[in-house]
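The data block below is query-v6.tsv; it holds TSV, C-alpha atoms and all ligand atoms.
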```tsv
chain	number	residue	atom	x	y	z
Z	874	MET	CA	73.33	106.56	109.39
Z	875	THR	CA	69.98	107.11	107.68
Z	876	HIS	CA	69.89	103.61	106.30
Z	877	HIS	CA	71.34	101.22	108.80
Z	878	LEU	CA	72.85	98.03	107.42
Z	879	ALA	CA	72.42	94.99	109.65
Z	880	PRO	CA	75.44	92.67	110.09
Z	881	ASP	CA	74.06	90.12	107.63
Z	882	GLN	CA	73.57	92.87	105.04
Z	883	GLN	CA	77.16	94.01	105.56
Z	884	LEU	CA	78.32	90.47	104.89
Z	885	GLU	CA	76.15	90.37	101.78
Z	886	LEU	CA	77.86	93.49	100.45
Z	887	TYR	CA	81.21	91.90	101.21
Z	888	TYR	CA	80.20	88.69	99.41
Z	889	TRP	CA	79.01	90.50	96.26
Z	890	MET	CA	82.17	92.60	96.08
Z	891	ARG	CA	84.29	89.50	96.56
Z	892	LEU	CA	82.40	87.58	93.88
Z	893	THR	CA	82.82	90.50	91.49
Z	894	ARG	CA	86.56	90.59	92.16
Z	895	ALA	CA	86.87	86.79	91.84
Z	896	PHE	CA	85.01	86.93	88.52
Z	897	ASP	CA	87.20	89.78	87.28
Z	898	GLU	CA	90.42	88.01	88.24
Z	899	SER	CA	89.31	84.71	86.69
Z	900	MET	CA	88.19	86.43	83.52
Z	901	ILE	CA	91.47	88.34	83.13
Z	902	ALA	CA	93.60	85.24	83.82
Z	903	TYR	CA	91.52	83.30	81.30
Z	904	TRP	CA	92.02	85.93	78.61
Z	905	LYS	CA	95.73	86.16	79.28
Z	906	GLN	CA	95.96	82.45	78.53
Z	907	GLY	CA	94.58	83.27	75.08
Z	908	LYS	CA	91.29	81.46	75.72
Z	909	GLY	CA	88.89	84.40	75.73
Z	910	ILE	CA	87.27	85.86	72.65
Z	911	GLY	CA	85.48	89.11	73.46
Z	912	GLY	CA	86.51	92.45	74.97
Z	913	THR	CA	87.30	92.20	78.68
Z	914	PHE	CA	86.80	95.30	80.77
Z	915	SER	CA	88.46	95.32	84.17
Z	916	GLN	CA	86.21	95.89	87.16
Z	917	ARG	CA	88.96	96.47	89.69
Z	918	GLY	CA	88.19	99.59	91.71
Z	919	HIS	CA	84.50	99.69	90.72
Z	920	GLU	CA	83.16	96.89	92.93
Z	921	ALA	CA	81.78	99.06	95.74
Z	922	ILE	CA	79.84	101.25	93.31
Z	923	SER	CA	78.20	98.58	91.17
Z	924	VAL	CA	77.33	96.37	94.14
Z	925	SER	CA	75.92	98.94	96.54
Z	926	ALA	CA	73.97	100.83	93.87
Z	927	ALA	CA	72.21	97.62	92.82
Z	928	TYR	CA	71.70	96.75	96.49
Z	929	ALA	CA	69.82	100.04	97.03
Z	930	LEU	CA	67.09	99.12	94.50
Z	931	GLU	CA	63.89	97.10	94.69
Z	932	PRO	CA	63.46	94.17	92.25
Z	933	ASP	CA	60.80	96.16	90.35
Z	934	ASP	CA	63.18	99.03	89.72
Z	935	VAL	CA	64.98	99.18	86.39
Z	936	ILE	CA	68.76	99.17	86.20
Z	937	ALA	CA	70.88	99.98	83.15
Z	938	PRO	CA	74.47	98.98	84.01
Z	939	MET	CA	77.57	99.70	81.92
Z	940	HIS	CA	80.78	97.83	81.18
Z	941	ARG	CA	82.22	98.21	84.70
Z	942	ASP	CA	79.11	97.11	86.56
Z	943	LEU	CA	79.61	93.38	86.73
Z	944	GLY	CA	78.66	93.55	90.42
Z	945	ALA	CA	75.23	94.93	89.51
Z	946	TYR	CA	74.57	92.20	86.92
Z	947	LEU	CA	75.53	89.53	89.46
Z	948	LEU	CA	73.54	91.00	92.31
Z	949	ARG	CA	70.53	91.37	90.07
Z	950	GLY	CA	70.50	87.61	89.52
Z	951	LEU	CA	72.55	86.86	86.40
Z	952	SER	CA	74.61	83.85	87.45
Z	953	PRO	CA	78.41	83.66	87.04
Z	954	ARG	CA	77.72	80.66	84.79
Z	955	ARG	CA	75.55	82.59	82.35
Z	956	ILE	CA	77.81	85.63	82.34
Z	957	PHE	CA	80.94	83.56	81.72
Z	958	ALA	CA	79.12	81.66	78.98
Z	959	ASN	CA	78.32	85.02	77.43
Z	960	LEU	CA	81.97	85.99	77.45
Z	961	LEU	CA	82.73	82.74	75.61
Z	962	GLY	CA	80.05	83.49	73.01
Z	963	ARG	CA	77.93	80.49	74.05
Z	964	GLU	CA	74.22	79.99	73.41
Z	965	ALA	CA	73.65	79.66	77.17
Z	966	GLY	CA	75.06	83.16	77.71
Z	967	VAL	CA	72.89	86.09	78.72
Z	968	SER	CA	72.70	87.46	75.16
Z	969	ARG	CA	72.80	83.92	73.74
Z	970	GLY	CA	76.35	84.48	72.63
Z	971	ARG	CA	75.47	87.39	70.36
Z	972	ASP	CA	78.17	89.59	71.89
Z	973	ALA	CA	81.03	87.94	73.73
Z	974	ASN	CA	81.23	90.82	76.11
Z	975	LEU	CA	79.50	92.57	78.99
Z	976	HIS	CA	77.76	94.58	76.27
Z	977	GLY	CA	74.16	93.83	75.58
Z	978	MET	CA	73.67	91.65	78.67
Z	979	GLY	CA	70.08	92.68	79.23
Z	980	ASP	CA	67.43	90.60	80.94
Z	981	LEU	CA	64.10	92.36	81.07
Z	982	GLU	CA	62.66	89.68	83.39
Z	983	ARG	CA	65.14	90.98	85.94
Z	984	ASN	CA	64.55	94.58	84.90
Z	985	ILE	CA	68.05	94.89	83.50
Z	986	ILE	CA	68.36	97.00	80.36
Z	987	GLY	CA	71.18	95.66	78.19
Z	988	PHE	CA	74.14	97.95	77.82
Z	989	VAL	CA	73.74	100.00	74.64
Z	990	SER	CA	77.21	101.49	74.45
Z	991	HIS	CA	79.68	103.55	76.41
Z	992	LEU	CA	79.45	107.29	75.95
Z	993	PRO	CA	76.52	107.15	77.30
Z	994	HIS	CA	73.82	105.59	75.18
Z	995	SER	CA	72.06	103.76	78.02
Z	996	LEU	CA	71.29	107.08	79.69
Z	997	PRO	CA	68.47	108.32	77.40
Z	998	VAL	CA	66.97	104.82	77.44
Z	999	ALA	CA	66.93	104.81	81.25
Z	1000	VAL	CA	65.41	108.32	81.31
Z	1001	GLY	CA	62.68	107.02	79.00
Z	1002	ALA	CA	62.02	104.10	81.34
Z	1003	ALA	CA	61.79	106.50	84.29
Z	1004	MET	CA	59.36	108.77	82.43
Z	1005	SER	CA	57.18	105.74	81.65
Z	1006	PHE	CA	56.90	105.02	85.40
Z	1007	THR	CA	55.55	108.55	85.94
Z	1008	TYR	CA	53.01	108.21	83.10
Z	1009	ARG	CA	51.78	104.89	84.45
Z	1010	LYS	CA	51.84	106.10	88.06
Z	1011	GLU	CA	54.09	103.19	89.04
Z	1012	PRO	CA	56.23	103.66	92.16
Z	1013	ARG	CA	59.36	102.52	90.36
Z	1014	VAL	CA	62.79	104.05	89.88
Z	1015	ALA	CA	65.39	103.76	87.12
Z	1016	LEU	CA	69.09	103.81	87.85
Z	1017	THR	CA	71.92	104.00	85.38
Z	1018	PHE	CA	75.68	104.42	85.31
Z	1019	THR	CA	78.04	106.26	83.05
Z	1020	GLY	CA	81.74	107.09	82.90
Z	1021	ASP	CA	83.60	110.35	83.46
Z	1022	GLY	CA	84.48	110.48	79.76
Z	1023	ALA	CA	80.89	109.82	78.73
Z	1024	SER	CA	79.75	112.69	80.96
Z	1025	SER	CA	81.31	115.16	78.52
Z	1026	THR	CA	79.22	114.10	75.55
Z	1027	GLY	CA	76.14	115.87	74.22
Z	1028	LEU	CA	73.85	112.96	74.96
Z	1029	PHE	CA	74.68	113.17	78.68
Z	1030	HIS	CA	73.58	116.82	78.83
Z	1031	GLU	CA	70.43	116.30	76.77
Z	1032	SER	CA	69.39	113.32	78.87
Z	1033	LEU	CA	69.92	115.03	82.22
Z	1034	ASN	CA	68.16	118.17	81.06
Z	1035	LEU	CA	65.14	116.15	79.98
Z	1036	ALA	CA	65.16	114.06	83.18
Z	1037	ALA	CA	65.19	117.22	85.31
Z	1038	VAL	CA	62.46	119.07	83.47
Z	1039	GLN	CA	60.26	115.96	83.54
Z	1040	ARG	CA	61.13	115.26	87.21
Z	1041	ALA	CA	61.81	111.70	86.09
Z	1042	PRO	CA	62.38	109.14	88.88
Z	1043	ILE	CA	65.96	108.36	87.93
Z	1044	VAL	CA	69.35	108.15	89.60
Z	1045	VAL	CA	72.37	108.72	87.38
Z	1046	ILE	CA	75.73	107.59	88.72
Z	1047	VAL	CA	78.91	108.84	87.09
Z	1048	GLU	CA	81.69	106.40	87.90
Z	1049	ASN	CA	84.58	108.81	87.83
Z	1050	ASN	CA	87.58	106.51	87.51
Z	1051	GLN	CA	89.93	109.35	86.45
Z	1052	TYR	CA	90.44	108.05	82.91
Z	1053	ALA	CA	88.47	107.64	79.70
Z	1054	TYR	CA	90.59	105.06	77.95
Z	1055	SER	CA	93.95	106.90	77.92
Z	1056	THR	CA	92.55	110.41	78.49
Z	1057	PRO	CA	92.92	111.70	82.06
Z	1058	LEU	CA	90.03	113.64	83.56
Z	1059	ALA	CA	91.79	117.03	83.47
Z	1060	GLN	CA	92.23	116.74	79.70
Z	1061	GLN	CA	88.57	116.20	78.96
Z	1062	THR	CA	86.77	118.54	81.38
Z	1063	ALA	CA	87.70	121.70	83.29
Z	1064	VAL	CA	85.19	120.80	86.03
Z	1065	PRO	CA	87.06	118.82	88.69
Z	1066	ASP	CA	83.89	117.54	90.39
Z	1067	ILE	CA	81.36	116.21	87.91
Z	1068	ALA	CA	78.60	116.35	90.57
Z	1069	GLU	CA	78.86	120.17	90.31
Z	1070	ARG	CA	77.25	120.01	86.90
Z	1071	ALA	CA	73.94	118.98	88.47
Z	1072	SER	CA	73.03	122.57	89.32
Z	1073	GLY	CA	73.21	123.41	85.62
Z	1074	TYR	CA	70.37	120.97	85.01
Z	1075	GLY	CA	68.36	121.85	88.12
Z	1076	MET	CA	68.81	118.68	90.13
Z	1077	PRO	CA	70.75	117.74	93.25
Z	1078	GLY	CA	74.37	116.67	92.72
Z	1079	VAL	CA	76.00	114.35	95.24
Z	1080	MET	CA	79.68	113.50	95.43
Z	1081	LEU	CA	80.56	110.15	96.99
Z	1082	ASP	CA	83.68	108.19	97.85
Z	1083	GLY	CA	83.25	105.36	95.37
Z	1084	ASN	CA	85.59	103.10	97.33
Z	1085	ASP	CA	83.44	103.24	100.47
Z	1086	VAL	CA	80.70	100.69	99.92
Z	1087	GLU	CA	78.45	101.89	102.73
Z	1088	ALA	CA	78.80	105.56	101.73
Z	1089	VAL	CA	77.76	104.71	98.18
Z	1090	TYR	CA	74.85	102.64	99.48
Z	1091	ALA	CA	73.63	105.48	101.73
Z	1092	GLY	CA	73.96	108.13	99.01
Z	1093	VAL	CA	72.26	106.04	96.34
Z	1094	ARG	CA	69.52	104.89	98.69
Z	1095	GLU	CA	68.71	108.50	99.58
Z	1096	ALA	CA	68.51	109.42	95.88
Z	1097	VAL	CA	66.36	106.36	95.13
Z	1098	ASP	CA	63.97	107.28	97.97
Z	1099	ARG	CA	63.77	110.84	96.67
Z	1100	ALA	CA	62.97	109.65	93.15
Z	1101	ARG	CA	60.33	107.24	94.42
Z	1102	ALA	CA	58.72	110.00	96.47
Z	1103	GLY	CA	58.22	112.05	93.28
Z	1104	ASP	CA	61.05	114.50	93.95
Z	1105	GLY	CA	62.86	113.89	90.67
Z	1106	PRO	CA	66.34	112.86	89.55
Z	1107	THR	CA	69.74	113.00	91.23
Z	1108	LEU	CA	73.18	113.10	89.69
Z	1109	ILE	CA	75.71	111.16	91.75
Z	1110	GLU	CA	79.43	111.24	91.17
Z	1111	ALA	CA	81.26	108.30	92.72
Z	1112	LYS	CA	85.00	108.83	92.65
Z	1113	THR	CA	87.24	105.85	92.18
Z	1114	MET	CA	90.19	104.71	90.07
Z	1115	ARG	CA	90.38	102.31	87.16
Z	1116	MET	CA	93.08	100.09	88.64
Z	1117	LEU	CA	93.87	98.22	85.39
Z	1118	GLY	CA	93.80	99.06	81.71
Z	1119	HIS	CA	90.66	100.07	79.85
Z	1120	ALA	CA	90.35	96.43	78.81
Z	1121	VAL	CA	92.62	93.44	79.07
Z	1122	HIS	CA	94.61	94.34	75.96
Z	1123	ASP	CA	95.58	97.73	77.43
Z	1124	GLY	CA	98.65	97.76	79.70
Z	1125	ALA	CA	97.82	101.37	80.74
Z	1126	GLU	CA	101.48	102.45	80.74
Z	1127	TYR	CA	100.16	106.02	80.52
Z	1128	VAL	CA	98.87	105.92	84.12
Z	1129	PRO	CA	101.47	107.15	86.65
Z	1130	ALA	CA	102.54	104.36	89.02
Z	1131	GLU	CA	102.31	106.70	92.07
Z	1132	LEU	CA	98.67	107.39	91.29
Z	1133	LEU	CA	97.86	103.68	91.23
Z	1134	ALA	CA	99.84	103.08	94.41
Z	1135	ALA	CA	97.89	105.81	96.24
Z	1136	TRP	CA	94.56	104.34	95.13
Z	1137	GLU	CA	95.64	100.81	95.96
Z	1138	GLU	CA	95.69	101.93	99.60
Z	1139	LYS	CA	92.00	102.76	99.24
Z	1140	ASP	CA	90.99	99.46	97.66
Z	1141	PRO	CA	87.25	99.07	98.42
Z	1142	ILE	CA	87.43	95.41	99.41
Z	1143	ARG	CA	90.48	95.70	101.62
Z	1144	ARG	CA	88.91	98.71	103.31
Z	1145	TYR	CA	85.67	96.92	103.98
Z	1146	THR	CA	87.50	93.85	105.25
Z	1147	ARG	CA	89.25	96.01	107.84
Z	1148	LEU	CA	85.99	97.66	108.85
Z	1149	LEU	CA	84.09	94.38	109.27
Z	1150	LEU	CA	86.90	92.98	111.42
Z	1151	GLU	CA	87.04	96.14	113.53
Z	1152	ARG	CA	83.29	96.06	114.07
Z	1153	ASP	CA	83.44	92.38	114.87
Z	1154	VAL	CA	80.83	91.60	112.23
Z	1155	ALA	CA	82.94	88.59	111.24
Z	1156	ASP	CA	86.36	87.19	112.02
Z	1157	ALA	CA	89.14	86.59	109.51
Z	1158	GLN	CA	88.21	82.93	109.14
Z	1159	GLU	CA	84.58	83.70	108.31
Z	1160	LEU	CA	85.63	86.22	105.67
Z	1161	ALA	CA	88.13	83.74	104.22
Z	1162	GLU	CA	85.26	81.24	104.00
Z	1163	ILE	CA	83.26	83.72	101.88
Z	1164	ASP	CA	86.33	84.28	99.68
Z	1165	ARG	CA	86.64	80.52	99.15
Z	1166	ARG	CA	82.96	80.26	98.28
Z	1167	CYS	CA	83.47	82.87	95.55
Z	1168	GLU	CA	86.48	81.02	94.14
Z	1169	VAL	CA	84.49	77.78	94.02
Z	1170	GLU	CA	81.57	79.53	92.28
Z	1171	MET	CA	83.96	80.85	89.65
Z	1172	LEU	CA	85.61	77.50	89.00
Z	1173	ASP	CA	82.16	76.00	88.57
Z	1174	ALA	CA	81.09	78.82	86.23
Z	1175	ILE	CA	84.12	78.45	83.95
Z	1176	GLU	CA	83.91	74.66	83.82
Z	1177	TRP	CA	80.20	74.88	82.98
Z	1178	ALA	CA	80.58	77.64	80.38
Z	1179	GLU	CA	83.37	75.80	78.55
Z	1180	GLN	CA	81.07	72.84	78.01
Z	1181	MET	CA	78.21	74.87	76.58
Z	1182	PRO	CA	77.68	74.85	72.80
Z	1183	LEU	CA	78.11	77.83	70.50
Z	1184	PRO	CA	74.92	79.22	68.90
Z	1185	GLN	CA	73.56	77.40	65.85
Z	1186	ALA	CA	74.37	79.26	62.63
Z	1187	ASP	CA	70.73	79.29	61.50
Z	1188	THR	CA	69.69	81.27	64.62
Z	1189	VAL	CA	72.16	84.06	64.00
Z	1190	THR	CA	69.57	86.65	63.01
Z	1191	GLU	CA	67.31	85.96	65.99
Z	1192	ARG	CA	67.04	88.57	68.74
Z	1193	VAL	CA	69.51	90.90	67.08
Z	1194	TYR	CA	67.29	93.96	67.19
Z	1195	ALA	CA	65.16	93.26	70.28
Z	1196	ALA	CA	65.49	91.03	73.32
X	1201	LIG	C1	80.12	106.16	70.55
X	1201	LIG	C2	81.37	105.48	71.03
X	1201	LIG	N1	82.58	106.08	70.87
X	1201	LIG	C3	83.71	105.48	71.30
X	1201	LIG	C4	83.64	104.24	71.90
X	1201	LIG	C5	84.93	103.58	72.39
X	1201	LIG	N2	85.04	103.72	73.84
X	1201	LIG	C6	84.49	102.80	74.64
X	1201	LIG	S1	84.67	103.18	76.25
X	1201	LIG	C7	85.53	104.58	75.91
X	1201	LIG	C8	86.00	105.45	77.03
X	1201	LIG	C9	84.97	105.58	78.11
X	1201	LIG	O1	85.47	106.30	79.20
X	1201	LIG	P1	84.57	106.59	80.45
X	1201	LIG	O2	83.27	107.16	80.02
X	1201	LIG	O3	85.38	107.40	81.40
X	1201	LIG	O4	84.26	105.13	81.05
X	1201	LIG	P2	85.32	104.08	81.65
X	1201	LIG	O5	85.65	103.13	80.53
X	1201	LIG	O6	86.48	104.81	82.17
X	1201	LIG	O7	84.57	103.36	82.75
X	1201	LIG	C10	85.66	104.75	74.53
X	1201	LIG	C11	86.35	105.88	73.89
X	1201	LIG	C12	82.35	103.65	72.07
X	1201	LIG	N3	82.17	102.47	72.66
X	1201	LIG	N4	81.23	104.28	71.62
X	1202	MG	MG	86.42	106.70	83.05
```
What would you get if you wrote out this structure as structure tokens?
Ligand SMILES: Cc1ncc(C[n+]2csc(CCOP(=O)(O)OP(=O)(O)O)c2C)c(N)n1
Ligand SMILES: [Mg+2]
Amino acid sequence: MTHHLAPDQQLELYYWMRLTRAFDESMIAYWKQGKGIGGTFSQRGHEAISVSAAYALEPDDVIAPMHRDLGAYLLRGLSPRRIFANLLGREAGVSRGRDANLHGMGDLERNIIGFVSHLPHSLPVAVGAAMSFTYRKEPRVALTFTGDGASSTGLFHESLNLAAVQRAPIVVIVENNQYAYSTPLAQQTAVPDIAERASGYGMPGVMLDGNDVEAVYAGVREAVDRARAGDGPTLIEAKTMRMLGHAVHDGAEYVPAELLAAWEEKDPIRRYTRLLLERDVADAQELAEIDRRCEVEMLDAIEWAEQMPLPQADTVTERVYAA
């Protein structure tokens, strides 16, 4: 392996994936009790991608996550407390309760660009950030994510074309989860492997198993190193499956049960658990201890967020247009 992960790093990846899953499960259960207010996008199936991509960056690098990248927001230092408070529209939330959602959760002190929209409006912003690093001769990299559906929009093509011709230090990850809301991949593009499109822009295209956390880490790390060395952008396609509906209100009856069952076998956390046990990096009890820690963190986050006040009405126009 080009980039060897030490045992403590492997356990860190496990922890971040577990925390992401614990957050997702708590958030969904909370909404199903009728207590949530904003849109709730399931993360199940995306944990390995969001966590290991963020793990491959330096703190100075800029990241522009999307609505299925909770793992990246957490790993980058936004606490479960602040994110849950955001989902409850509280002043203590990341966007000060301006959007009770994972949308707009930027924090420029942590080099996180707030999510602009799906389809893929963060992409040109991230390309701009990458180009600014070149102009200023800063050894920094930008990384952003987009969906399979978003990869068929005009803005995706324009952004990648510009990134390539400018040799911008950017890594673009398409999280191919087989669906764009209710539209299956085959109905929105005739290209089965989105990574293939990279040659049309003049950049390397890399296809990764998005449910293999170490494979994603290695692939992203290589692309990040290439960008930092001045060798331009990379398009990465990480294949996974959206295991739940588009958001909590969507029962996703349109997804064949056999497809979900096949992907369930490849669940990124279960797979990594098996691998860590096989390698003797930890025993079952140590992993269960990490799981418990995540549950405790989530209970604390929810209890804290529920006690936080809503924004004051007279501050409603503050920070609407800029962070
Ligand atoms: C400009 C715009 N059009 C439509 C929407 C509604 N919308 C949000 S996500 C989505 C589907 C996105 O699919 P994909 O890019 O595959 O990402 P995924 O949700 O599967 O991760 C749609 C239609 C939007 N947010 N913005
Ligand atoms: Mg999709």
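Closest to Ala1125 (chain Z) among Z:Leu960, Z:Gly987, Z:Ala1003, Z:Pro1057 is Z:Pro1057, based on all atoms listed in the file.
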Could you state the separation of CA of Glu982 (chain Z) and CA of Ile1046 (chain Z) in Å, given to one decimal place? 22.8 Å
Ligand MG 1202 (chain X) neighbours within 7 Å using only C-alpha atoms and all ligand atoms, as a PDB file with C-alpha atoms, in the coordinates of the input:
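Just written: out-v7.pdb:
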```pdb
ATOM      1  CA  GLY Z1020      81.740 107.090  82.900  1.00  0.00           C
ATOM      2  CA  ASP Z1021      83.600 110.350  83.460  1.00  0.00           C
ATOM      3  CA  GLY Z1022      84.480 110.480  79.760  1.00  0.00           C
ATOM      4  CA  GLU Z1048      81.690 106.400  87.900  1.00  0.00           C
ATOM      5  CA  ASN Z1049      84.580 108.810  87.830  1.00  0.00           C
ATOM      6  CA  ASN Z1050      87.580 106.510  87.510  1.00  0.00           C
ATOM      7  CA  GLN Z1051      89.930 109.350  86.450  1.00  0.00           C
ATOM      8  CA  TYR Z1052      90.440 108.050  82.910  1.00  0.00           C
ATOM      9  CA  ALA Z1053      88.470 107.640  79.700  1.00  0.00           C
ATOM     10  CA  TYR Z1054      90.590 105.060  77.950  1.00  0.00           C
TER      11      TYR Z1054
END
```
For ligand LIG 1201 (chain X), list the contacting residues at 10 Å or closer, counting all atoms listed in the file, as a ChimeraX atom specification. /Z:914-916,919,939-942,976,989-994,1018-1026,1047-1058,1061,1114-1115,1118-1120
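Taking all atoms listed in the file into account, Phe988 (chain Z) lies nearest to Z:Leu975 out of the set Z:Leu975, Z:Val1000, Z:Ile1163, Z:Ala1091.
Proximity ranking of Z:Val1121, Z:Arg1192, Z:Leu930, Z:Asp1187 relative to Ala1100 (chain Z) places Z:Leu930 first, based on all atoms listed in the file.
Checking Z:Asp972, Z:Asp1082, Z:Glu931, Z:Glu1176 one by one against Gly912 (chain Z), counting all atoms listed in the file, you find the shortest gap at Z:Asp972.
Atom pair CA of Tyr888 (chain Z) / CA of Gly962 (chain Z): separated by 26.9 Å.
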